[in-house]
Each structure stands twice: as C-alpha cells, then as structure tokens.
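my_file_15.txt, holding compact mmCIF, C-alpha atoms:
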# COMPACT_ATOMS: atom_id res chain seq x y z
CA MET A 1 -48.38 -19.12 -6.43
CA SER A 2 -51.86 -19.77 -7.77
CA SER A 3 -54.59 -17.22 -8.45
CA ALA A 4 -56.97 -19.82 -6.98
CA THR A 5 -55.38 -19.43 -3.55
CA GLN A 6 -54.90 -15.64 -3.37
CA SER A 7 -55.97 -12.36 -4.89
CA ARG A 8 -54.31 -8.95 -5.30
CA VAL A 9 -55.92 -6.13 -3.31
CA ALA A 10 -55.11 -2.64 -2.05
CA LEU A 11 -55.12 -2.42 1.75
CA THR A 12 -53.49 -0.40 4.49
CA GLY A 13 -51.31 -2.27 6.94
CA ASN A 14 -54.03 -2.13 9.59
CA GLU A 15 -56.61 -3.44 7.11
CA ALA A 16 -54.27 -6.24 6.06
CA VAL A 17 -53.73 -7.35 9.67
CA ALA A 18 -57.45 -7.13 10.43
CA GLN A 19 -58.17 -9.30 7.40
CA ALA A 20 -55.59 -11.84 8.56
CA MET A 21 -57.27 -11.95 11.96
CA ARG A 22 -60.67 -12.43 10.30
CA GLN A 23 -59.32 -15.37 8.32
CA ILE A 24 -57.71 -16.87 11.43
CA ASN A 25 -61.08 -16.55 13.22
CA PRO A 26 -59.66 -16.71 16.78
CA ASP A 27 -61.85 -17.90 19.62
CA VAL A 28 -61.25 -14.77 21.71
CA VAL A 29 -60.01 -11.25 20.99
CA ALA A 30 -59.75 -8.80 23.88
CA ALA A 31 -58.53 -5.32 23.07
CA TYR A 32 -58.43 -1.64 23.93
CA PRO A 33 -57.95 1.13 21.34
CA ILE A 34 -54.72 3.08 20.99
CA THR A 35 -53.29 5.07 18.08
CA PRO A 36 -52.05 3.90 15.58
CA GLN A 37 -53.36 0.38 16.28
CA THR A 38 -57.03 1.29 16.88
CA GLU A 39 -58.20 0.52 13.35
CA ILE A 40 -57.19 -3.14 13.64
CA VAL A 41 -59.55 -3.96 16.49
CA GLN A 42 -62.16 -1.48 15.23
CA MET A 43 -62.35 -3.31 11.90
CA PHE A 44 -62.22 -6.68 13.59
CA SER A 45 -65.12 -5.72 15.87
CA SER A 46 -67.12 -5.04 12.68
CA PHE A 47 -66.37 -8.57 11.50
CA VAL A 48 -67.70 -9.84 14.84
CA ALA A 49 -70.83 -7.70 14.63
CA ASP A 50 -71.50 -8.81 11.04
CA GLY A 51 -71.12 -12.49 11.91
CA ASP A 52 -68.05 -12.96 9.70
CA VAL A 53 -66.21 -14.66 12.58
CA ASP A 54 -67.16 -16.76 15.59
CA THR A 55 -64.91 -14.78 17.89
CA GLU A 56 -65.85 -13.71 21.40
CA PHE A 57 -64.83 -10.04 21.35
CA VAL A 58 -64.13 -8.65 24.82
CA ARG A 59 -64.20 -4.86 25.23
CA VAL A 60 -61.98 -4.16 28.21
CA GLU A 61 -61.12 -1.05 30.21
CA SER A 62 -57.36 -1.08 29.56
CA GLU A 63 -54.55 -2.87 27.79
CA HIS A 64 -53.57 -4.56 31.06
CA SER A 65 -57.06 -6.05 31.12
CA ALA A 66 -56.82 -6.98 27.44
CA MET A 67 -53.73 -9.09 28.01
CA SER A 68 -55.22 -10.50 31.20
CA ALA A 69 -58.33 -11.59 29.30
CA VAL A 70 -56.42 -13.32 26.51
CA ILE A 71 -54.17 -15.02 29.07
CA GLY A 72 -57.22 -16.46 30.79
CA SER A 73 -58.74 -17.46 27.47
CA ALA A 74 -55.56 -19.12 26.21
CA ALA A 75 -55.14 -20.96 29.52
CA ALA A 76 -58.67 -22.30 29.04
CA GLY A 77 -57.70 -23.68 25.63
CA ALA A 78 -58.85 -20.89 23.32
CA ARG A 79 -56.97 -19.47 20.33
CA ALA A 80 -56.59 -15.88 21.57
CA MET A 81 -55.34 -12.62 20.06
CA THR A 82 -55.05 -8.94 20.88
CA ALA A 83 -53.28 -5.90 19.40
CA THR A 84 -51.66 -2.77 20.78
CA SER A 85 -49.11 0.04 20.43
CA ALA A 86 -46.61 1.96 22.57
CA ASN A 87 -48.14 3.03 25.90
CA GLY A 88 -50.70 0.25 25.58
CA LEU A 89 -47.92 -2.31 25.44
CA ALA A 90 -46.31 -0.62 28.43
CA LEU A 91 -49.55 -0.87 30.39
CA MET A 92 -49.59 -4.61 29.63
CA TRP A 93 -46.08 -5.00 30.99
CA GLU A 94 -46.76 -7.31 33.92
CA MET A 95 -49.10 -9.50 31.88
CA VAL A 96 -46.80 -9.69 28.84
CA TYR A 97 -44.23 -11.53 30.95
CA ILE A 98 -46.89 -13.76 32.49
CA ALA A 99 -48.21 -14.75 29.04
CA ALA A 100 -44.75 -15.93 27.97
CA SER A 101 -43.96 -17.58 31.30
CA ASN A 102 -47.17 -19.61 31.10
CA ARG A 103 -46.24 -20.76 27.56
CA LEU A 104 -49.46 -19.41 26.05
CA PRO A 105 -49.50 -19.15 22.21
CA ILE A 106 -51.10 -15.71 21.98
CA VAL A 107 -50.57 -13.66 18.81
CA MET A 108 -50.42 -9.86 19.13
CA PRO A 109 -49.89 -7.36 16.31
CA VAL A 110 -47.88 -4.41 17.67
CA VAL A 111 -48.09 -1.22 15.61
CA ASN A 112 -44.81 0.45 16.54
CA ARG A 113 -45.05 3.89 18.09
CA ALA A 114 -42.75 5.98 20.25
CA LEU A 115 -43.13 5.21 23.94
CA SER A 116 -43.88 8.34 25.98
CA GLY A 117 -42.74 10.79 26.99
CA PRO A 118 -42.98 13.40 25.71
CA ILE A 119 -46.15 11.98 24.22
CA ASN A 120 -45.76 11.10 20.56
CA ILE A 121 -48.03 9.02 18.33
CA HIS A 122 -45.55 8.37 15.51
CA CYS A 123 -43.20 5.52 14.74
CA ASP A 124 -40.15 4.33 16.47
CA HIS A 125 -39.34 0.94 17.96
CA SER A 126 -39.01 1.84 21.64
CA ASP A 127 -42.22 -0.01 22.52
CA SER A 128 -41.45 -3.46 21.14
CA MET A 129 -37.71 -3.19 21.77
CA GLY A 130 -38.49 -2.52 25.41
CA ALA A 131 -40.28 -5.88 25.45
CA ARG A 132 -37.61 -7.79 23.55
CA ASP A 133 -36.56 -9.77 26.65
CA SER A 134 -40.08 -10.55 27.86
CA GLY A 135 -40.05 -14.05 26.37
CA TRP A 136 -42.17 -13.26 23.31
CA ILE A 137 -41.10 -14.15 19.80
CA GLN A 138 -40.79 -10.96 17.74
CA LEU A 139 -41.35 -10.70 13.98
CA TYR A 140 -40.82 -7.36 12.20
CA SER A 141 -42.52 -6.37 8.94
CA GLU A 142 -41.24 -4.29 6.04
CA ASN A 143 -44.65 -3.55 4.53
CA ALA A 144 -48.34 -4.48 4.64
CA GLN A 145 -47.71 -7.71 2.72
CA GLU A 146 -45.18 -8.89 5.25
CA ALA A 147 -47.38 -7.83 8.18
CA TYR A 148 -50.24 -9.91 6.77
CA ASP A 149 -47.99 -12.89 6.07
CA ASN A 150 -46.33 -12.66 9.49
CA VAL A 151 -49.67 -12.70 11.34
CA VAL A 152 -50.77 -15.86 9.51
CA GLN A 153 -47.46 -17.59 10.15
CA ALA A 154 -47.34 -16.41 13.77
CA VAL A 155 -50.28 -18.64 14.67
CA ARG A 156 -48.45 -21.76 13.50
CA ILE A 157 -45.20 -20.66 15.16
CA ALA A 158 -46.80 -19.88 18.52
CA GLU A 159 -48.86 -23.08 18.65
CA HIS A 160 -46.10 -25.43 17.55
CA PRO A 161 -45.72 -28.06 20.30
CA GLU A 162 -41.95 -27.46 20.49
CA VAL A 163 -42.45 -23.70 20.96
CA GLN A 164 -45.69 -22.81 22.80
CA LEU A 165 -44.80 -19.13 23.19
CA PRO A 166 -46.61 -15.88 22.33
CA VAL A 167 -45.66 -13.91 19.22
CA MET A 168 -45.56 -10.17 18.54
CA VAL A 169 -45.95 -9.15 14.90
CA CYS A 170 -44.51 -5.65 14.62
CA MET A 171 -45.11 -3.06 11.92
CA ASP A 172 -44.26 0.62 11.74
CA GLY A 173 -46.99 2.99 12.89
CA PHE A 174 -48.55 5.16 10.16
CA ILE A 175 -45.75 4.32 7.69
CA ILE A 176 -47.24 0.85 7.25
CA SER A 177 -50.38 0.88 9.37
CA HIS A 178 -52.10 3.76 7.56
CA ALA A 179 -50.43 3.66 4.13
CA LEU A 180 -52.23 1.98 1.23
CA ASP A 181 -50.30 -0.88 -0.34
CA ASN A 182 -50.89 -3.51 -3.02
CA LEU A 183 -50.61 -7.02 -1.66
CA HIS A 184 -51.70 -10.59 -2.20
CA VAL A 185 -54.25 -11.99 0.25
CA LEU A 186 -54.83 -15.71 0.57
CA THR A 187 -58.33 -17.13 0.44
CA ASP A 188 -60.12 -17.76 3.72
CA ASP A 189 -60.06 -21.52 3.19
CA THR A 190 -56.34 -21.48 2.41
CA VAL A 191 -55.51 -19.62 5.63
CA ARG A 192 -57.72 -21.81 7.77
CA GLU A 193 -56.32 -24.98 6.26
CA PHE A 194 -52.79 -23.65 6.81
CA ILE A 195 -53.26 -22.81 10.50
CA GLY A 196 -55.51 -25.79 11.26
CA ALA A 197 -57.65 -26.33 14.32
CA TYR A 198 -56.12 -25.53 17.70
CA GLU A 199 -56.14 -28.16 20.41
CA ALA A 200 -54.36 -27.01 23.56
CA ALA A 201 -52.29 -29.69 25.27
CA TYR A 202 -53.39 -28.52 28.73
CA THR A 203 -56.43 -26.44 29.66
CA LEU A 204 -58.05 -25.12 32.79
CA LEU A 205 -61.36 -26.59 31.63
CA ASP A 206 -60.16 -30.21 31.55
CA VAL A 207 -61.64 -31.19 34.91
CA ASP A 208 -60.46 -34.79 34.57
CA ASN A 209 -56.84 -33.65 34.33
CA PRO A 210 -56.57 -30.60 36.58
CA ILE A 211 -53.62 -28.24 36.20
CA THR A 212 -52.30 -25.19 38.01
CA VAL A 213 -51.65 -21.98 36.07
CA GLY A 214 -49.71 -19.07 37.53
CA PRO A 215 -48.66 -20.66 40.83
CA LEU A 216 -46.23 -19.35 43.40
CA ASP A 217 -42.93 -20.77 42.14
CA LEU A 218 -39.98 -20.25 44.48
CA GLN A 219 -36.37 -21.40 44.59
CA ASP A 220 -37.16 -25.09 44.26
CA TRP A 221 -38.52 -25.12 40.69
CA PHE A 222 -38.56 -21.58 39.24
CA PHE A 223 -35.19 -21.95 37.49
CA GLU A 224 -36.21 -25.19 35.80
CA HIS A 225 -39.47 -23.67 34.55
CA LYS A 226 -37.62 -20.68 33.09
CA ARG A 227 -35.14 -23.03 31.45
CA GLN A 228 -38.02 -24.86 29.76
CA GLN A 229 -39.33 -21.52 28.51
CA ILE A 230 -35.88 -20.62 27.17
CA GLU A 231 -35.72 -23.97 25.38
CA GLY A 232 -39.02 -23.18 23.68
CA SER A 233 -37.48 -19.97 22.39
CA TYR A 234 -34.46 -21.88 21.07
CA LYS A 235 -36.75 -24.38 19.36
CA ALA A 236 -38.37 -21.47 17.53
CA LEU A 237 -35.12 -21.13 15.58
CA GLU A 238 -35.95 -24.49 14.00
CA VAL A 239 -39.70 -23.91 13.70
CA ILE A 240 -39.72 -20.41 12.14
CA PRO A 241 -37.95 -21.43 8.89
CA GLU A 242 -39.97 -24.67 8.79
CA ILE A 243 -43.24 -22.70 8.90
CA GLY A 244 -41.77 -20.21 6.42
CA ARG A 245 -41.14 -22.98 3.89
CA LYS A 246 -44.69 -24.30 4.25
CA PHE A 247 -46.09 -20.79 3.85
CA SER A 248 -43.93 -20.23 0.77
CA ALA A 249 -45.41 -23.33 -0.84
CA LEU A 250 -48.85 -21.70 -0.54
CA SER A 251 -47.99 -18.09 -1.31
CA GLY A 252 -44.78 -18.03 -3.34
CA ARG A 253 -43.30 -15.64 -0.76
CA ASP A 254 -40.19 -16.76 1.11
CA TYR A 255 -39.56 -15.86 4.75
CA GLY A 256 -36.60 -16.77 6.91
CA PHE A 257 -34.84 -15.02 9.77
CA PHE A 258 -33.71 -12.13 7.59
CA GLU A 259 -33.41 -11.04 3.98
CA GLU A 260 -30.02 -10.57 2.33
CA TYR A 261 -30.36 -7.97 -0.41
CA ARG A 262 -27.41 -7.73 -2.81
CA THR A 263 -24.91 -8.56 -0.07
CA GLU A 264 -22.87 -11.22 -1.88
CA ASP A 265 -19.76 -9.11 -2.62
CA ALA A 266 -20.68 -6.05 -0.54
CA ASP A 267 -17.92 -4.02 1.11
CA GLY A 268 -20.53 -2.09 3.11
CA ILE A 269 -23.73 -3.59 4.54
CA ILE A 270 -26.53 -1.86 6.41
CA ILE A 271 -28.65 -3.83 8.89
CA VAL A 272 -32.16 -2.53 9.47
CA LEU A 273 -35.66 -3.73 10.30
CA GLY A 274 -39.13 -2.49 9.48
CA SER A 275 -40.26 -0.14 6.73
CA THR A 276 -36.86 1.55 6.36
CA ALA A 277 -35.69 -1.60 4.57
CA GLY A 278 -37.80 -0.68 1.55
CA THR A 279 -36.17 2.73 1.23
CA ALA A 280 -32.74 1.20 1.79
CA LYS A 281 -33.26 -1.28 -1.07
CA ASP A 282 -33.84 1.63 -3.47
CA VAL A 283 -30.61 3.24 -2.27
CA VAL A 284 -28.74 -0.06 -2.69
CA ASP A 285 -29.99 -0.33 -6.27
CA ALA A 286 -28.98 3.26 -7.07
CA MET A 287 -25.51 2.86 -5.58
CA ARG A 288 -24.99 -0.51 -7.25
CA SER A 289 -25.77 1.13 -10.60
CA GLU A 290 -22.88 3.50 -9.81
CA GLY A 291 -20.55 0.57 -9.21
CA GLN A 292 -20.52 0.78 -5.41
CA LYS A 293 -20.55 -2.52 -3.54
CA VAL A 294 -23.28 -2.11 -0.96
CA GLY A 295 -25.98 -4.40 0.39
CA LEU A 296 -28.75 -4.71 2.95
CA LEU A 297 -29.56 -7.25 5.64
CA LYS A 298 -33.18 -6.84 6.75
CA VAL A 299 -33.89 -8.44 10.12
CA ARG A 300 -37.28 -10.13 10.38
CA VAL A 301 -36.81 -12.19 13.55
CA MET A 302 -35.47 -10.15 16.46
CA ARG A 303 -36.42 -12.70 19.13
CA PRO A 304 -35.07 -15.27 19.26
CA LEU A 305 -32.13 -13.64 17.53
CA PRO A 306 -30.58 -16.03 14.94
CA THR A 307 -27.01 -15.27 15.99
CA GLN A 308 -25.26 -18.08 14.12
CA GLN A 309 -27.05 -17.24 10.90
CA ILE A 310 -26.18 -13.55 11.27
CA VAL A 311 -22.52 -14.43 11.77
CA ARG A 312 -22.49 -16.53 8.61
CA ALA A 313 -24.21 -13.76 6.64
CA LEU A 314 -21.76 -11.04 7.74
CA ALA A 315 -18.46 -12.90 8.05
CA GLY A 316 -15.85 -11.65 5.61
CA HIS A 317 -17.57 -8.37 4.79
CA PRO A 318 -15.33 -5.43 5.76
CA ALA A 319 -17.84 -3.03 7.35
CA VAL A 320 -21.39 -3.11 8.67
CA SER A 321 -23.64 -0.34 9.99
CA VAL A 322 -26.64 -1.14 12.16
CA MET A 323 -29.57 1.28 12.00
CA ASP A 324 -31.69 1.41 15.18
CA ARG A 325 -35.05 3.18 15.54
CA SER A 326 -34.68 3.20 19.33
CA ASP A 327 -31.94 3.63 21.90
CA THR A 328 -30.87 1.75 25.02
CA PHE A 329 -29.85 4.80 27.10
CA SER A 330 -26.67 2.93 27.91
CA THR A 331 -24.18 5.19 26.07
CA ALA A 332 -23.55 2.14 23.90
CA GLY A 333 -26.04 2.55 21.07
CA GLY A 334 -29.26 0.86 20.02
CA PRO A 335 -30.61 -2.61 20.81
CA VAL A 336 -30.09 -4.14 17.37
CA TYR A 337 -26.50 -2.85 17.40
CA HIS A 338 -25.93 -4.50 20.79
CA ALA A 339 -27.33 -7.78 19.51
CA VAL A 340 -25.32 -7.80 16.28
CA ARG A 341 -22.03 -6.90 17.96
CA HIS A 342 -22.59 -9.65 20.51
CA ALA A 343 -23.32 -12.16 17.77
CA LEU A 344 -20.11 -11.20 15.96
CA TYR A 345 -17.86 -11.21 19.03
CA ASP A 346 -16.22 -14.58 18.33
CA CYS A 347 -16.37 -14.30 14.54
CA GLU A 348 -12.90 -14.78 13.05
CA GLN A 349 -13.73 -12.64 10.00
CA ARG A 350 -15.57 -10.03 12.05
CA PRO A 351 -16.53 -6.85 10.19
CA LEU A 352 -16.15 -3.40 11.73
CA VAL A 353 -19.57 -2.43 13.11
CA SER A 354 -20.98 1.10 13.48
CA ASN A 355 -24.34 2.24 14.82
CA TYR A 356 -26.82 4.84 13.58
CA VAL A 357 -29.79 5.73 15.78
CA TYR A 358 -32.46 7.36 13.61
CA GLY A 359 -36.11 8.22 13.24
CA LEU A 360 -37.08 8.60 16.90
CA GLY A 361 -40.63 9.87 17.31
CA GLY A 362 -41.32 9.47 13.61
CA ARG A 363 -38.47 11.66 12.27
CA ASP A 364 -38.28 11.04 8.52
CA ILE A 365 -35.52 8.83 7.17
CA ARG A 366 -34.75 9.94 3.62
CA PRO A 367 -32.81 8.19 0.84
CA GLU A 368 -30.02 10.74 1.22
CA ASP A 369 -29.73 9.85 4.91
CA ILE A 370 -29.30 6.18 4.05
CA ARG A 371 -26.82 7.04 1.31
CA ARG A 372 -24.79 8.93 3.93
CA VAL A 373 -24.76 5.78 6.09
CA PHE A 374 -23.55 3.72 3.14
CA ASP A 375 -20.89 6.30 2.22
CA GLU A 376 -19.54 6.32 5.76
CA THR A 377 -19.69 2.52 5.96
CA LEU A 378 -17.66 2.23 2.75
CA GLU A 379 -15.13 4.69 4.22
CA VAL A 380 -14.76 2.44 7.27
CA ALA A 381 -14.21 -0.50 4.92
CA ARG A 382 -11.58 1.46 2.99
CA THR A 383 -9.64 2.77 5.99
CA GLY A 384 -10.19 -0.09 8.42
CA ARG A 385 -11.01 2.45 11.13
CA ILE A 386 -14.22 3.57 12.86
CA THR A 387 -14.03 7.24 13.80
CA ARG A 388 -17.54 7.53 15.26
CA PRO A 389 -19.05 4.31 16.62
CA ILE A 390 -22.50 5.79 17.34
CA THR A 391 -24.19 8.46 15.22
CA TYR A 392 -27.57 10.07 15.91
CA LEU A 393 -28.72 10.44 12.34
CA GLY A 394 -30.76 13.47 11.32
CA VAL A 395 -30.94 15.07 14.78
CA ARG A 396 -30.19 18.71 15.58
CA GLU A 397 -27.22 18.17 17.91

Could you rewrite the structure in this file as structure tokens?
Amino acid sequence: MSSATQSRVALTGNEAVAQAMRQINPDVVAAYPITPQTEIVQMFSSFVADGDVDTEFVRVESEHSAMSAVIGSAAAGARAMTATSANGLALMWEMVYIAASNRLPIVMPVVNRALSGPINIHCDHSDSMGARDSGWIQLYSENAQEAYDNVVQAVRIAEHPEVQLPVMVCMDGFIISHALDNLHVLTDDTVREFIGAYEAAYTLLDVDNPITVGPLDLQDWFFEHKRQQIEGSYKALEVIPEIGRKFSALSGRDYGFFEEYRTEDADGIIIVLGSTAGTAKDVVDAMRSEGQKVGLLKVRVMRPLPTQQIVRALAGHPAVSVMDRSDTFSTAGGPVYHAVRHALYDCEQRPLVSNYVYGLGGRDIRPEDIRRVFDETLEVARTGRITRPITYLGVRE
C-alpha cells in the first residue's frame, strides 16, 4: 500500500460509495431517491452538476424506470449504474431479472433496509435476500471501507468477459450508510486505471452488426440461454478472487469470498454478513482472551455462493451458528442458514448447524447477544446435540 495511491479520509458509507461512483465516472446513472440510499445519488448528482464526471444523469419517476433506463443504456454499450434500497428494489423487481437475463454488467449499490410492511426505514436484509435468486452477483460489506472497495471491484467483476452479469453491492442501512468511518480512498487515476475503459462486446448501436435484446424466447431456446447465464454466475467464482488479488496489489486490502476470523481451532463458529461482523469480531477477541475457542466466518459473496470453499472452511469444526438478518417464512430459518446447511449436506466432517434470526427492522444486535450465540454454540459442540435449531434472537416472544 502506497500513500501515493490512496489517502485516509473520514466518510460515511453513502459518501464512500458516492466517491467510488465519481471515480468510476460511469456513462449513465439513472436513479430515484429512497431512504437510506438517497444520499448516494444526491451527492453523485452534485458531481454531475459540478462537472466532476461526464455522466449522463437521468432523473426518473420511479425505481422501475431507473432500472429500465440503465438496462437500455447498458444494452447500448454504456457503463451504467444505479442505487436503491428496500421498496425501491422491490419496485424494480421485473427489471432486475431482465438486467441479469440480458447479461448486462450494471453495478448497483443496495443500502439494506427492511422491506415493507409495516413500513420501516431501518436495516435488515429482506430486500437484497429477496433478490438473491434474480441472477445478480451479490457482495456484502462490513463497513464503509469494504463498501467502497466492493463498488470499485464490482465494475471489473461485472464486465469480465467470462461473467457479464450485474452486481449488487450491499451495505447496512444507517449502520454503515450514515455512520462516519475512517477509510482509505484510492486516487482517481488509480481507480480509473484499475477498472479500465469499457467496450461492450455487443451493442444496440452497432448498426453493422445488428442484435436483438429482450426477444420472445420460448421452449426452443430459453433453457439454453438460461444455462449460459448460469455458467456466467459459475465463472464469477473464478473471477471474484482474481479481481480481489489485483485490487489487493493496489490497496493492500485482501478480499475473497469470505473472511475467516480466528477460526483455526474454533469449537464454535458464527457465520454472519454485513456490519454485525465487526461487533462479532470484538466478541471473538474478548472470548478468546478468556480461553474460549470461538471464531467468525464473515460472508462477503452471497451470490454465487462459494459452497465448496465454505465446506472446506467449516469441515471438522464441531458446531456452527448462522446469523440471519432476514427470514424465509418457510418455518426453516433464514436464507443464509438454508444456503450453509445445503453446502454442508455431503460434508463428511459436517458440523452441527443452528440458526439465529436477528435484527429485523433495525433491532439492535448487542455484544451480549452475540456472546449468547457463542455460548449456546459451544454448548452444542460440547453435548453434540441441538436443542433449538432456530432462535429468534432479541424478540419479545
């Protein structure tokens, strides 16, 4: 890491993401305001007005229109971005699937907020988790630094010729988006050299080589086109760590599929994503100082889920608890829990896996709550028995 390539600044998560977008200088940004994302596009619109970027900023009447506009722009060969939260993402629903199906490398910061109703503007993961099977790559951020770094890397991931899929960069509403943090920001030239110029392989504006975008696709070829899209998602499992290594060479910050924090000899491991990982690390350190063997696995890449790597990371550890900030309404726990249990199904040294659903609608998650999860996970490891597979943590039952 060189001081010539980055500087230390104090920014909120929203400011950090807006700065990343300014440095990326996309051709088109179309957006509609929604709490707690509004500041991102508000700040970016100031960059447009001040001439700091060359971006065509499209003020639309809804989030559905925002995604429609960036789909059209990306199909025409532009580097396109938008941003949203919660109900805004839900209003995009139809177009989110179309963006992925058309293999358009759109990047979209998603500031996580509870999906109505009742209406709630605070953080949980019901919005992005609802879109986890839409075909988008999903990166989750622990703090403002990771949100900034993820946005910069997302451009390279999305545009990689083996991938060509849109990317959501998720960060927790208010907890990250509005909280001031110290982080390192790369220079404008460093970011622009890293992402490079974008040249779309196929565009609507290439009149000498006409293409069809969004056709009627029935039984004869639909399956094959979806299989190609799926293959792009699989290829992302090779591309994401490749881009992470190149980014690390510039920044000194390493990013893979997940972070293993003091898990080497852990009897009890918690799996979590987002800002809660920071609190959990403090609890791990405190409990380790007491001689308790606990560790944390922080998921960064939820889609495509790196199942083989998760199995290798967890195999041989006695007990694991997955913390979900959303639920599946299936009587079977949260979405990350589902994914982890599935990944471990054929694991010969499979740990016992419990689930804790927490923090819905912005309910605080305190260090003592996480310590309780660790204590109960260690008890499962000691007894070899799960007495309560799914716990709703911190709720008035």

Next item on the list: Rounded to one decimal place, report the CA of Ala90 in chain A-CA of Ser233 in chain A distance in Å.
Entry: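 Between CA of Ala90 in chain A and CA of Ser233 in chain A the gap is 22.1 Å.
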
Note to self: Report as an NGL selection string all protein, DNA and RNA residues lying within 10 Å of range 286-299 of chain A, evaluated on all atoms listed in the file, omitting residues in the same chain fewer than 2 positions from it.
What the structure shows: :A and (139-142 or 256-278 or 280-284 or 301-302 or 305-306 or 310 or 313-314 or 319-322 or 336 or 371 or 374-375 or 377-378)

Next item on the list: Select all residues near (-58.5, -2.5, 10.0) (cut-off 10 Å, inclusive, file coordinates), counting only C-alpha atoms, and output them as a list in words.
Entry: Leu11, Thr12, Gly13, Asn14, Glu15, Ala16, Val17, Ala18, Gln19, Ala20, Met21, Gln37, Thr38, Glu39, Ile40, Val41, Gln42, Met43, Phe44, Ser45, Ser46, Ser177 and His178 of chain A

Next item on the list: With a distance cut-off of 9 Å and all atoms listed in the file, select the neighbouring residues of Val110 in chain A, excluding the residue or stretch itself and same-chain residues fewer than 2 positions from it, and output the selection as an NGL selection string.
Entry: :A and (37 or 83-86 or 89 or 108 or 112-113 or 127-128 or 168-173)

For the residues in that selection, give me C-alpha atoms as an mmCIF file, keeping the file's coordinate frame.
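Writing done, so here's result.cif:
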data_model
loop_
_atom_site.group_PDB
_atom_site.id
_atom_site.type_symbol
_atom_site.label_atom_id
_atom_site.label_comp_id
_atom_site.auth_asym_id
_atom_site.auth_seq_id
_atom_site.Cartn_x
_atom_site.Cartn_y
_atom_site.Cartn_z
ATOM 1 C CA GLN A 37 -53.360 0.380 16.280
ATOM 2 C CA ALA A 83 -53.280 -5.900 19.400
ATOM 3 C CA THR A 84 -51.660 -2.770 20.780
ATOM 4 C CA SER A 85 -49.110 0.040 20.430
ATOM 5 C CA ALA A 86 -46.610 1.960 22.570
ATOM 6 C CA LEU A 89 -47.920 -2.310 25.440
ATOM 7 C CA MET A 108 -50.420 -9.860 19.130
ATOM 8 C CA ASN A 112 -44.810 0.450 16.540
ATOM 9 C CA ARG A 113 -45.050 3.890 18.090
ATOM 10 C CA ASP A 127 -42.220 -0.010 22.520
ATOM 11 C CA SER A 128 -41.450 -3.460 21.140
ATOM 12 C CA MET A 168 -45.560 -10.170 18.540
ATOM 13 C CA VAL A 169 -45.950 -9.150 14.900
ATOM 14 C CA CYS A 170 -44.510 -5.650 14.620
ATOM 15 C CA MET A 171 -45.110 -3.060 11.920
ATOM 16 C CA ASP A 172 -44.260 0.620 11.740
ATOM 17 C CA GLY A 173 -46.990 2.990 12.890
#

Item checked: Sel. within 9 Å of pt (-46.3, -14.9, 8.5), counting only C-alpha atoms, output as a PyMOL selection string -> chain A and resi 139+146-157+169+243-244+247+255

Note to self: Calculated over all atoms listed in the file, which of the candidates A:Pro215, A:Lys246, A:Ser326, A:Tyr392 has the smallest distance to Glu193 in chain A?
What the structure shows: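 So, comparing all the options, the nearest one is A:Lys246.
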
Item checked: Given all atoms listed in the file as the counted atoms, nearest of A:Met81, A:Cys123, A:Leu237, A:Ile386 to Phe174 in chain A ->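 Closest to Phe174 in chain A, using all atoms listed in the file: A:Cys123.
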
Next item on the list: For Gly362 in chain A, list every protein, DNA or RNA residue within 8 Å, evaluated using all atoms listed in the file, and leave out those in the same chain fewer than 4 positions away; present the list as a PyMOL selection string.
Entry: chain A and resi 114+122-124
